[in-house]
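Visitor: Quick one: structure below, then a few questions.
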Amino acid sequence: MAQYLIKRLLLMIPLLFGITLITFTVIHLAPGEPVEMQVAMNPKVTAEARERLRKFYELDKPLHVQYVKWVGRLSRLDFGRSFAPDGRKVVDKIRERIPVTLSLNIIALVLQFGIAVPIGIFAATRRDTPLDKGITVFVFLGFAVPTFWLALLLMYVFGVKLGWLPISGLHSMGSEGMGTVAWLLDMARHLILPVSVATFSSLAGLSRYMRSTMLEVIGQDYITTARAKGLSERTVIYRHALRNALLPVITLLGFSVPGLIGGSVIFETIYALPGMGQLFYMGVMARDYPLVMGILVIGACLTLVGNLLADIGYALADPRIRH
Amino acid sequence: MPIKESYIYQVFWRRFRGNRFAVAGGIVVLILFLVSLLAPWITPYDPDSLDLYQVLMPPSADHWFGTDELGRDVFTRVIFGAKISLKVGFVAVGIAVLVGTVIGLVSAYYGGWVDNVFMRFVDIMLCFPTFFLILAVIAMLEPSIWYIMIIIGLTGWMGVARLVRAEVLSIRERDYIMAARAIGASDLRIIFRHVLPNAMSPVLVSASLGVAGAILTESALSFLGIGVQPPTPSWGNILTSGKDYIEFAWWLSLFPGLAILVTVLSYNLLGEGIRDALDPRLNR
């Protein structure tokens, strides 16, 4: 296992390197400079002041020099300072936003698996019944619903029409004065809609995947053997089939990370949640290069970590992988 | 051998026709094409003409989907939006399929370090939250529908590359390739006449699903205000005003969203139908 882990970690090094290279290239190939943006706002800026700005941000150096310097700083977890007027450290900005996005996504991920796995088993064990077909229809609808539209509809129904749930932000006005329990409840109420949307967004894909791996496993010889031994259907499904059908789903867990993080731009913008997605969107609009590059690198690294965890889980569950 | 080929198509067609959902998806896709071609003749309104006496009117006999905040007919704008969506879907997927096929083919054919470099590149690209990458690039460029299509295409080829590579690797070892070699066919002829056509069927499926994905991405970008720019109507940017007026005008949010839903659903059903009809293991 230790050997497997070391090999797996070493493989991540070229990937990390590639992530920084692509991030840097993508951002610097695009025309226009952040300085242009600041200058365009203020016609009084002289050419001299402009040069000073470029020098300050090290934009006057050749690209490869900029890249090497940037990666050097990254290796010390220094993401530089934001171009925004507040000029704060990118790390600090991301650090205060990450908990919102991470907790939202982790809750959504847990709910997704908690709901999709039973749905998948249910559909697979009742293959071609009206129930299975009904689930398939639901799955196809789920694939086709645009997340942001669903977010809008829920906002309209539960926020505007029924008035049951708050539709934006993380806390109510005046939540500072609340007790801890009331404060947490208030936050939970704010999170219901975004979490529902985030959960729903991958539910269809996951449950369909679960159904197909389950069907595949049920068709295997050892399941027939288990049935032939006279085991109850319950034991066959939950002890023999489910364990093997869950394996590929673990891998999917790692793959779903980039989608979740990418999706957070949409529902954080709609529900005005102060998370990484919203920060990224604002950074992109303001051409805040260090911030945008920082979030891209961190987002990709989170995916790497997700894949690593999935692989470790897989290796723990399946001895064939380790050897 | 023409006889055999036509037989394969017959089997495909028969199996495809047997799948009601897939046929329905195909018909809706065809209708969408017709609608986007015939848009100016379907509706009496102009998608950009303002009518400030008819602002935010609910659906009625005159305005089936109501009017927006500038008094424009929403039905007309949704119909004209179909054109943009289909265009984005097809061009973006075309780019993704082209890039993915070339990279997958080269990887599998040359193997060794070339394969290694390309596949690591695929791994790296798959690490990025695609939507972040698209957003970062689009926002730095001049707003243009062509950039949107190119960027969506250039961030969506990885799956195709993996598919093509896997197919080519397995096809390369088959007897008929050996036979083609034995009778002295050139590498190029083998690749284009024997390997590629046999590797393309899974690509067809993933392209159909990809069109659906590209349409969703474009609408999300337009919704965020960095995709198709107003006054050009797109389903995503109609939904932006839907969000702004959500308290007064539900129809602005409902109809463009339904249009996206129906379109994406149809492409998915079509893609799945093609997959099932192509899959020899499914004998239904």
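Residues in the structure tokens are named by chain (A, B, ... in the order shown) and by number from 1 within that chain; ligands are numbered from 1 in the order shown.
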Run DSSP on the backbone and tell me which residues of segment 44-248 of chain A come out as helix (DSSP H, G or I); list them as a PyMOL selection string.

Guide: chain A and resi 47-56+63-75+90-125+130-144+147-161+175-177+180-218+221-228+233-248

Visitor: Could you take the residues named above and write them with C-alpha atoms, as a short mmCIF file (atom, residue, chain, number, x, y, z; two decimals), in the first residue's frame?

Guide:
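Generated output (selection10.cif):
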data_model
loop_
_atom_site.label_atom_id
_atom_site.label_comp_id
_atom_site.auth_asym_id
_atom_site.auth_seq_id
_atom_site.Cartn_x
_atom_site.Cartn_y
_atom_site.Cartn_z
CA ALA A 47 2.74 57.07 -19.67
CA GLU A 48 5.29 57.28 -16.88
CA ALA A 49 2.80 56.25 -14.21
CA ARG A 50 1.70 53.42 -16.44
CA GLU A 51 5.25 52.11 -16.70
CA ARG A 52 5.55 52.34 -12.95
CA LEU A 53 2.42 50.22 -12.57
CA ARG A 54 3.71 47.65 -15.05
CA LYS A 55 7.00 47.49 -13.22
CA PHE A 56 5.23 47.15 -9.90
CA LEU A 63 7.01 35.91 -20.02
CA HIS A 64 9.28 33.02 -19.08
CA VAL A 65 10.86 35.11 -16.33
CA GLN A 66 7.40 36.00 -15.04
CA TYR A 67 6.43 32.33 -15.10
CA VAL A 68 9.50 31.11 -13.23
CA LYS A 69 9.08 33.81 -10.61
CA TRP A 70 5.41 33.01 -10.24
CA VAL A 71 5.98 29.25 -9.81
CA GLY A 72 8.77 30.00 -7.36
CA ARG A 73 6.38 32.04 -5.25
CA LEU A 74 3.64 29.40 -5.63
CA SER A 75 5.94 26.75 -4.19
CA VAL A 90 -4.70 36.43 -2.81
CA VAL A 91 -4.21 33.64 -0.27
CA ASP A 92 -6.18 35.56 2.33
CA LYS A 93 -8.98 36.32 -0.10
CA ILE A 94 -9.25 32.68 -1.13
CA ARG A 95 -8.89 31.42 2.43
CA GLU A 96 -11.91 33.33 3.66
CA ARG A 97 -14.00 32.16 0.69
CA ILE A 98 -13.03 28.49 0.53
CA PRO A 99 -15.04 27.28 3.58
CA VAL A 100 -18.34 28.37 2.02
CA THR A 101 -17.66 26.63 -1.29
CA LEU A 102 -16.14 23.53 0.27
CA SER A 103 -18.87 22.98 2.84
CA LEU A 104 -21.58 23.61 0.26
CA ASN A 105 -20.00 21.09 -2.10
CA ILE A 106 -19.28 18.49 0.55
CA ILE A 107 -22.86 18.60 1.83
CA ALA A 108 -24.06 18.34 -1.76
CA LEU A 109 -21.68 15.45 -2.50
CA VAL A 110 -22.84 13.50 0.55
CA LEU A 111 -26.48 14.08 -0.34
CA GLN A 112 -25.84 13.14 -3.97
CA PHE A 113 -24.34 9.79 -3.04
CA GLY A 114 -26.85 9.23 -0.28
CA ILE A 115 -29.71 9.67 -2.73
CA ALA A 116 -28.22 8.40 -5.99
CA VAL A 117 -26.93 5.05 -4.69
CA PRO A 118 -30.31 3.84 -3.37
CA ILE A 119 -32.04 5.13 -6.52
CA GLY A 120 -29.55 3.25 -8.69
CA ILE A 121 -29.95 -0.01 -6.73
CA PHE A 122 -33.69 0.39 -6.75
CA ALA A 123 -33.83 0.90 -10.52
CA ALA A 124 -31.39 -1.93 -11.24
CA THR A 125 -33.17 -4.51 -9.12
CA PRO A 130 -42.69 1.04 -14.64
CA LEU A 131 -40.74 2.30 -11.62
CA ASP A 132 -37.42 1.82 -13.38
CA LYS A 133 -38.78 3.59 -16.42
CA GLY A 134 -40.08 6.42 -14.26
CA ILE A 135 -36.64 6.81 -12.71
CA THR A 136 -35.07 6.83 -16.18
CA VAL A 137 -37.37 9.65 -17.26
CA PHE A 138 -36.45 11.59 -14.12
CA VAL A 139 -32.77 10.97 -14.85
CA PHE A 140 -33.05 12.31 -18.39
CA LEU A 141 -34.89 15.39 -17.18
CA GLY A 142 -32.19 15.86 -14.56
CA PHE A 143 -29.49 15.76 -17.24
CA ALA A 144 -31.27 18.41 -19.27
CA THR A 147 -28.65 24.41 -13.11
CA PHE A 148 -29.08 28.17 -13.15
CA TRP A 149 -32.63 27.85 -14.41
CA LEU A 150 -33.50 25.40 -11.66
CA ALA A 151 -31.97 27.86 -9.21
CA LEU A 152 -34.20 30.62 -10.60
CA LEU A 153 -37.34 28.49 -10.45
CA LEU A 154 -36.71 27.44 -6.84
CA MET A 155 -35.99 31.06 -5.97
CA TYR A 156 -39.30 32.07 -7.51
CA VAL A 157 -41.40 29.33 -5.92
CA PHE A 158 -39.90 29.14 -2.41
CA GLY A 159 -38.54 32.65 -2.09
CA VAL A 160 -40.89 34.94 -3.97
CA LYS A 161 -44.24 33.09 -4.17
CA SER A 175 -27.82 37.94 12.38
CA GLU A 176 -24.81 39.16 14.39
CA GLY A 177 -26.99 39.64 17.44
CA THR A 180 -25.14 30.50 18.25
CA VAL A 181 -28.01 28.09 17.64
CA ALA A 182 -30.22 30.73 16.03
CA TRP A 183 -27.27 31.90 13.94
CA LEU A 184 -26.59 28.38 12.67
CA LEU A 185 -30.27 27.77 11.93
CA ASP A 186 -30.41 31.04 10.04
CA MET A 187 -27.42 29.99 7.94
CA ALA A 188 -28.92 26.55 7.33
CA ARG A 189 -32.11 28.19 6.03
CA HIS A 190 -30.01 30.24 3.62
CA LEU A 191 -28.22 27.12 2.44
CA ILE A 192 -31.28 24.98 1.68
CA LEU A 193 -31.86 26.29 -1.84
CA PRO A 194 -28.22 26.38 -3.02
CA VAL A 195 -27.53 22.93 -1.58
CA SER A 196 -30.65 21.52 -3.25
CA VAL A 197 -29.58 22.90 -6.61
CA ALA A 198 -26.00 21.68 -6.21
CA THR A 199 -27.22 18.23 -5.16
CA PHE A 200 -29.66 17.93 -8.00
CA SER A 201 -27.09 18.95 -10.59
CA SER A 202 -25.23 15.63 -10.44
CA LEU A 203 -27.97 13.37 -9.14
CA ALA A 204 -29.07 12.19 -12.57
CA GLY A 205 -25.61 11.19 -13.76
CA LEU A 206 -24.71 9.43 -10.53
CA SER A 207 -27.88 7.40 -10.18
CA ARG A 208 -27.71 6.32 -13.79
CA TYR A 209 -24.12 5.26 -13.35
CA MET A 210 -25.01 3.37 -10.19
CA ARG A 211 -27.82 1.60 -12.01
CA SER A 212 -25.59 0.47 -14.87
CA THR A 213 -22.72 -0.80 -12.68
CA MET A 214 -25.28 -2.59 -10.53
CA LEU A 215 -26.82 -4.24 -13.59
CA GLU A 216 -23.38 -5.26 -14.79
CA VAL A 217 -22.51 -6.86 -11.45
CA ILE A 218 -25.86 -8.64 -11.19
CA ASP A 221 -21.37 -15.53 -12.56
CA TYR A 222 -20.65 -15.13 -8.85
CA ILE A 223 -24.07 -13.57 -8.35
CA THR A 224 -25.67 -16.55 -10.05
CA THR A 225 -23.57 -18.75 -7.77
CA ALA A 226 -24.71 -16.84 -4.71
CA ARG A 227 -28.33 -17.24 -5.79
CA ALA A 228 -27.79 -20.92 -6.55
CA GLU A 233 -32.15 -11.94 -2.53
CA ARG A 234 -31.38 -9.32 0.12
CA THR A 235 -28.03 -10.90 0.94
CA VAL A 236 -27.20 -11.34 -2.72
CA ILE A 237 -27.91 -7.72 -3.56
CA TYR A 238 -26.56 -5.96 -0.49
CA ARG A 239 -23.65 -8.19 0.50
CA HIS A 240 -22.39 -9.52 -2.80
CA ALA A 241 -23.50 -7.20 -5.56
CA LEU A 242 -23.52 -3.78 -3.89
CA ARG A 243 -19.92 -3.92 -2.69
CA ASN A 244 -18.62 -4.59 -6.16
CA ALA A 245 -20.96 -2.13 -7.81
CA LEU A 246 -19.85 0.66 -5.47
CA LEU A 247 -16.20 0.43 -6.57
CA PRO A 248 -16.49 2.33 -9.85
#

Visitor: Sort by chain and increasing residue number a table of all residues of chain B within 8 Å of chain A, each with its closest pair of atoms and their distance in Å to one decimal, counting only C-alpha atoms, and write it as JSON lines.

Guide:
{"residue": "B:Arg120", "atom": "CA", "partner": "A:Leu15", "partner_atom": "CA", "distance": 7.3}
{"residue": "B:Phe121", "atom": "CA", "partner": "A:Gly18", "partner_atom": "CA", "distance": 7.6}
{"residue": "B:Asp123", "atom": "CA", "partner": "A:Leu15", "partner_atom": "CA", "distance": 7.5}
{"residue": "B:Ile124", "atom": "CA", "partner": "A:Leu15", "partner_atom": "CA", "distance": 5.7}
{"residue": "B:Met125", "atom": "CA", "partner": "A:Ile19", "partner_atom": "CA", "distance": 7.8}
{"residue": "B:Cys127", "atom": "CA", "partner": "A:Ala300", "partner_atom": "CA", "distance": 4.9}
{"residue": "B:Phe128", "atom": "CA", "partner": "A:Ala300", "partner_atom": "CA", "distance": 4.6}
{"residue": "B:Pro129", "atom": "CA", "partner": "A:Pro258", "partner_atom": "CA", "distance": 4.1}
{"residue": "B:Thr130", "atom": "CA", "partner": "A:Gly262", "partner_atom": "CA", "distance": 6.5}
{"residue": "B:Phe131", "atom": "CA", "partner": "A:Gly262", "partner_atom": "CA", "distance": 5.0}
{"residue": "B:Phe132", "atom": "CA", "partner": "A:Gly262", "partner_atom": "CA", "distance": 5.6}
{"residue": "B:Leu133", "atom": "CA", "partner": "A:Leu296", "partner_atom": "CA", "distance": 7.3}
{"residue": "B:Leu135", "atom": "CA", "partner": "A:Val284", "partner_atom": "CA", "distance": 7.3}
{"residue": "B:Ala136", "atom": "CA", "partner": "A:Val284", "partner_atom": "CA", "distance": 5.7}
{"residue": "B:Val137", "atom": "CA", "partner": "A:Ala30", "partner_atom": "CA", "distance": 6.9}
{"residue": "B:Ala139", "atom": "CA", "partner": "A:Val284", "partner_atom": "CA", "distance": 6.3}
{"residue": "B:Met140", "atom": "CA", "partner": "A:Ala30", "partner_atom": "CA", "distance": 6.1}
{"residue": "B:Leu141", "atom": "CA", "partner": "A:Ala30", "partner_atom": "CA", "distance": 6.6}
{"residue": "B:Ala212", "atom": "CA", "partner": "A:Ala144", "partner_atom": "CA", "distance": 7.9}
{"residue": "B:Leu216", "atom": "CA", "partner": "A:Pro146", "partner_atom": "CA", "distance": 6.3}
{"residue": "B:Ala220", "atom": "CA", "partner": "A:Phe148", "partner_atom": "CA", "distance": 7.0}
{"residue": "B:Leu224", "atom": "CA", "partner": "A:Ile266", "partner_atom": "CA", "distance": 7.8}
{"residue": "B:Leu239", "atom": "CA", "partner": "A:Trp149", "partner_atom": "CA", "distance": 7.7}
{"residue": "B:Lys243", "atom": "CA", "partner": "A:Leu152", "partner_atom": "CA", "distance": 6.7}
{"residue": "B:Ile246", "atom": "CA", "partner": "A:Tyr156", "partner_atom": "CA", "distance": 6.6}
{"residue": "B:Glu247", "atom": "CA", "partner": "A:Val160", "partner_atom": "CA", "distance": 6.4}
{"residue": "B:Trp250", "atom": "CA", "partner": "A:Tyr156", "partner_atom": "CA", "distance": 7.8}
{"residue": "B:Ser253", "atom": "CA", "partner": "A:Leu152", "partner_atom": "CA", "distance": 7.4}
{"residue": "B:Leu254", "atom": "CA", "partner": "A:Leu153", "partner_atom": "CA", "distance": 7.8}
{"residue": "B:Gly257", "atom": "CA", "partner": "A:Trp149", "partner_atom": "CA", "distance": 5.9}
{"residue": "B:Ile260", "atom": "CA", "partner": "A:Pro146", "partner_atom": "CA", "distance": 7.3}
{"residue": "B:Leu261", "atom": "CA", "partner": "A:Ala144", "partner_atom": "CA", "distance": 5.1}
{"residue": "B:Val262", "atom": "CA", "partner": "A:Ala144", "partner_atom": "CA", "distance": 7.4}
{"residue": "B:Val264", "atom": "CA", "partner": "A:Ala144", "partner_atom": "CA", "distance": 5.2}
{"residue": "B:Leu265", "atom": "CA", "partner": "A:Ala144", "partner_atom": "CA", "distance": 5.1}
{"residue": "B:Asn268", "atom": "CA", "partner": "A:Phe140", "partner_atom": "CA", "distance": 7.7}
{"residue": "B:Leu269", "atom": "CA", "partner": "A:Phe140", "partner_atom": "CA", "distance": 7.9}
